[in-house]
file coords13.txt (compact mmCIF, C-alpha atoms)
# COMPACT_ATOMS: atom_id res chain seq x y z
CA MET A 1 16.50 -31.35 38.86
CA VAL A 2 13.74 -33.51 37.39
CA ALA A 3 14.81 -33.01 33.75
CA ASP A 4 18.38 -33.99 34.55
CA GLN A 5 17.14 -37.35 35.83
CA GLY A 6 15.22 -38.00 32.62
CA ILE A 7 11.93 -38.30 34.50
CA VAL A 8 8.87 -36.55 33.12
CA GLY A 9 6.11 -37.64 35.45
CA ALA A 10 5.08 -40.44 37.74
CA GLY A 11 6.60 -43.58 36.30
CA SER A 12 7.31 -42.21 32.79
CA VAL A 13 10.76 -41.86 31.25
CA ASP A 14 11.74 -38.72 29.35
CA SER A 15 12.09 -39.54 25.64
CA ASP A 16 14.41 -36.54 25.08
CA PRO A 17 16.18 -35.46 28.30
CA GLU A 18 18.37 -32.94 26.45
CA GLU A 19 15.37 -31.07 25.04
CA THR A 20 13.66 -31.18 28.44
CA ALA A 21 16.79 -29.73 30.09
CA GLU A 22 16.73 -26.87 27.56
CA TRP A 23 13.08 -26.09 28.39
CA VAL A 24 13.84 -26.19 32.12
CA GLU A 25 16.85 -23.90 31.62
CA SER A 26 14.67 -21.47 29.64
CA PHE A 27 12.09 -21.48 32.41
CA ASP A 28 14.77 -20.84 35.05
CA GLN A 29 16.05 -17.89 33.00
CA LEU A 30 12.51 -16.53 32.67
CA VAL A 31 12.11 -16.61 36.45
CA ASP A 32 15.57 -15.11 37.05
CA VAL A 33 15.22 -12.30 34.49
CA ARG A 34 11.49 -11.50 34.46
CA GLY A 35 10.39 -12.78 37.88
CA SER A 36 7.87 -15.25 39.22
CA GLU A 37 4.81 -13.23 38.16
CA ARG A 38 5.83 -13.35 34.48
CA ALA A 39 6.68 -17.05 34.79
CA ARG A 40 3.19 -17.65 36.22
CA GLU A 41 1.64 -15.79 33.25
CA VAL A 42 3.60 -17.85 30.70
CA LEU A 43 2.75 -21.14 32.44
CA GLY A 44 -0.91 -20.17 32.55
CA ARG A 45 -0.89 -19.49 28.80
CA LEU A 46 0.89 -22.77 28.10
CA LEU A 47 -1.60 -24.73 30.19
CA ALA A 48 -4.50 -23.06 28.39
CA ARG A 49 -2.86 -23.79 25.04
CA ALA A 50 -2.32 -27.45 26.01
CA GLY A 51 -6.00 -27.73 26.87
CA GLY A 52 -6.98 -26.11 23.57
CA ARG A 53 -4.79 -28.57 21.69
CA SER A 54 -6.26 -31.55 23.61
CA VAL A 55 -2.98 -32.38 25.31
CA GLY A 56 -3.90 -34.41 28.37
CA LEU A 57 -2.24 -33.27 31.57
CA PRO A 58 -2.20 -34.90 35.00
CA SER A 59 -4.66 -33.45 37.48
CA VAL A 60 -3.10 -30.79 39.69
CA VAL A 61 -4.88 -30.18 42.98
CA THR A 62 -5.11 -26.47 43.68
CA THR A 63 -6.91 -24.09 45.96
CA ASP A 64 -7.97 -20.49 45.58
CA TYR A 65 -5.09 -19.51 47.87
CA VAL A 66 -2.39 -17.43 46.20
CA ASN A 67 0.76 -16.60 48.11
CA THR A 68 1.12 -12.83 47.95
CA ILE A 69 4.84 -13.00 48.66
CA PRO A 70 6.86 -14.33 45.71
CA VAL A 71 9.19 -17.15 46.72
CA ASP A 72 12.26 -15.05 45.87
CA GLU A 73 11.08 -12.36 48.35
CA GLU A 74 10.30 -14.68 51.27
CA PRO A 75 12.48 -14.16 54.34
CA GLU A 76 14.83 -16.92 55.41
CA PHE A 77 13.27 -19.55 57.66
CA PRO A 78 14.21 -18.57 61.23
CA GLY A 79 15.11 -22.08 62.38
CA ASP A 80 16.66 -25.30 61.14
CA GLU A 81 14.02 -26.76 58.81
CA GLU A 82 15.49 -30.27 58.79
CA ILE A 83 15.60 -30.53 62.59
CA GLU A 84 12.07 -29.13 62.86
CA ARG A 85 10.81 -31.61 60.24
CA LYS A 86 12.27 -34.48 62.30
CA PHE A 87 10.78 -33.01 65.48
CA ARG A 88 7.31 -32.88 63.88
CA ALA A 89 7.67 -36.52 62.83
CA TRP A 90 8.52 -37.45 66.43
CA MET A 91 5.53 -35.51 67.73
CA ARG A 92 3.21 -37.26 65.26
CA TRP A 93 4.68 -40.62 66.28
CA ASN A 94 4.35 -39.86 70.00
CA ALA A 95 0.74 -38.76 69.50
CA ALA A 96 -0.06 -41.89 67.49
CA VAL A 97 1.44 -44.14 70.18
CA MET A 98 -0.47 -42.30 72.92
CA VAL A 99 -3.74 -42.82 71.06
CA HIS A 100 -2.92 -46.45 70.30
CA ARG A 101 -2.07 -47.22 73.94
CA SER A 102 -5.23 -45.47 75.14
CA GLN A 103 -7.53 -47.30 72.76
CA ARG A 104 -9.99 -49.63 74.48
CA PRO A 105 -13.27 -51.10 73.21
CA GLU A 106 -15.21 -48.64 75.38
CA ILE A 107 -13.02 -45.63 74.41
CA GLY A 108 -13.08 -44.36 70.84
CA VAL A 109 -10.04 -42.09 70.45
CA GLY A 110 -8.72 -43.24 67.08
CA GLY A 111 -9.90 -40.33 64.95
CA HIS A 112 -8.22 -37.77 67.16
CA ILE A 113 -4.75 -38.44 65.81
CA SER A 114 -5.62 -37.32 62.29
CA THR A 115 -6.63 -33.89 63.59
CA TYR A 116 -3.20 -33.36 65.11
CA ALA A 117 -1.33 -34.93 62.19
CA GLY A 118 -3.02 -32.56 59.77
CA ALA A 119 -2.16 -29.48 61.81
CA ALA A 120 1.24 -30.49 63.22
CA THR A 121 3.25 -28.17 60.99
CA LEU A 122 1.05 -25.20 61.88
CA TYR A 123 1.31 -25.95 65.61
CA GLU A 124 5.05 -26.62 65.61
CA VAL A 125 5.96 -23.49 63.65
CA GLY A 126 3.75 -21.51 66.03
CA PHE A 127 5.32 -23.07 69.13
CA ASN A 128 8.87 -22.70 67.83
CA HIS A 129 8.69 -19.22 66.29
CA PHE A 130 5.54 -17.22 67.12
CA PHE A 131 3.73 -18.06 70.35
CA LYS A 132 4.98 -16.05 73.32
CA GLY A 133 5.22 -17.49 76.83
CA LYS A 134 3.67 -15.96 79.95
CA ASP A 135 6.94 -14.20 80.85
CA HIS A 136 7.19 -12.29 77.55
CA PRO A 137 7.34 -8.48 78.10
CA SER A 138 4.11 -7.97 76.16
CA GLY A 139 2.39 -10.89 77.85
CA GLY A 140 1.91 -14.44 76.73
CA ASP A 141 -0.32 -15.84 74.03
CA GLN A 142 -3.43 -17.79 74.81
CA VAL A 143 -3.68 -20.61 72.32
CA PHE A 144 -6.86 -22.66 72.16
CA PHE A 145 -6.54 -26.10 70.60
CA GLN A 146 -9.29 -28.12 69.04
CA GLY A 147 -9.95 -30.96 71.48
CA HIS A 148 -9.25 -33.70 68.97
CA ALA A 149 -5.69 -32.37 68.62
CA SER A 150 -4.91 -32.94 72.32
CA PRO A 151 -2.83 -36.14 71.78
CA GLY A 152 -0.33 -34.09 69.79
CA MET A 153 -0.26 -31.34 72.39
CA TYR A 154 0.37 -33.85 75.17
CA ALA A 155 2.98 -35.63 73.03
CA ARG A 156 5.10 -32.46 73.10
CA ALA A 157 5.52 -32.67 76.88

call {"tool": "encode", "arguments": {"input": "coords13.txt", "output": "structure tokens"}}
result
Amino acid sequence: MVADQGIVGAGSVDSDPEETAEWVESFDQLVDVRGSERAREVLGRLLARAGGRSVGLPSVVTTDYVNTIPVDEEPEFPGDEEIERKFRAWMRWNAAVMVHRSQRPEIGVGGHISTYAGAATLYEVGFNHFFKGKDHPSGGDQVFFQGHASPGMYARA
């Protein structure tokens, strides 16, 4: 837990770890008793209040995406996340080496690896848990890959 380590943010030390631990414990109880939706409401109000009181906060990158399934209602991951994380790292490495070895002055393939690296998690979860092969009773999936991602696809072989 961050508060237990006495760390507030990037590179700053918590001036009162005990108080921070109490706030974190209160937040955990709010989530456990009232749920993630209520916790989101309270955090939203606190952030608005901090802005109104001119309390500077670090920039948090967000998108308009909102997960409609609360974390406490998500199903268990169907595989071994640690093994799959290592596997994705190997695939990224293999793809990077393939691109590096293919690179010649007359061949510009360097940018292709970033396409695969950015989508590797999506592809690997699909391959490992969703895409059906041609022998599946309901037929196989046809998956079309963006051409720049091909080093990662070939790296799986």

call {"tool": "closest_residue", "arguments": {"input": "coords13.txt", "among": "A:Thr62, A:Thr115, A:Thr121, A:Gln103", "to": "A:Lys86", "atoms": "only C-alpha atoms"}}
result
A:Thr121

call {"tool": "closest_residue", "arguments": {"input": "coords13.txt", "among": "A:Gly118, A:Pro70, A:Gly126, A:Pro151", "to": "A:Glu84", "atoms": "all atoms listed in the file"}}
result
A:Gly126

call {"tool": "residues_around", "arguments": {"input": "coords13.txt", "residues": "A:Glu81", "least_positions_apart": "3", "cutoff": "12 Å", "atoms": "only C-alpha atoms", "output": "PyMOL selection string"}}
result
chain A and resi 76-78+84-88+121+124-125+128-129

call {"tool": "atom_distance", "arguments": {"input": "coords13.txt", "atom1": "atom CA of A:Arg156", "atom2": "atom CA of A:Ala95"}}
result
8.5 Å

call {"tool": "closest_residue", "arguments": {"input": "coords13.txt", "among": "A:Ala119, A:Gly56, A:Pro17, A:Arg38", "to": "A:His148", "atoms": "all atoms listed in the file"}}
result
A:Ala119

call {"tool": "closest_residue", "arguments": {"input": "coords13.txt", "among": "A:Ala149, A:Gly35, A:Val60, A:Val24", "to": "A:Leu47", "atoms": "only C-alpha atoms"}}
result
A:Val60

call {"tool": "residues_around", "arguments": {"input": "coords13.txt", "residues": "A:Arg40", "least_positions_apart": "6", "cutoff": "12 Å", "atoms": "all atoms listed in the file", "output": "list in words"}}
result
Phe27, Leu30, Val31, Arg34, Leu46, Leu47, Val66 and Pro70 of chain A
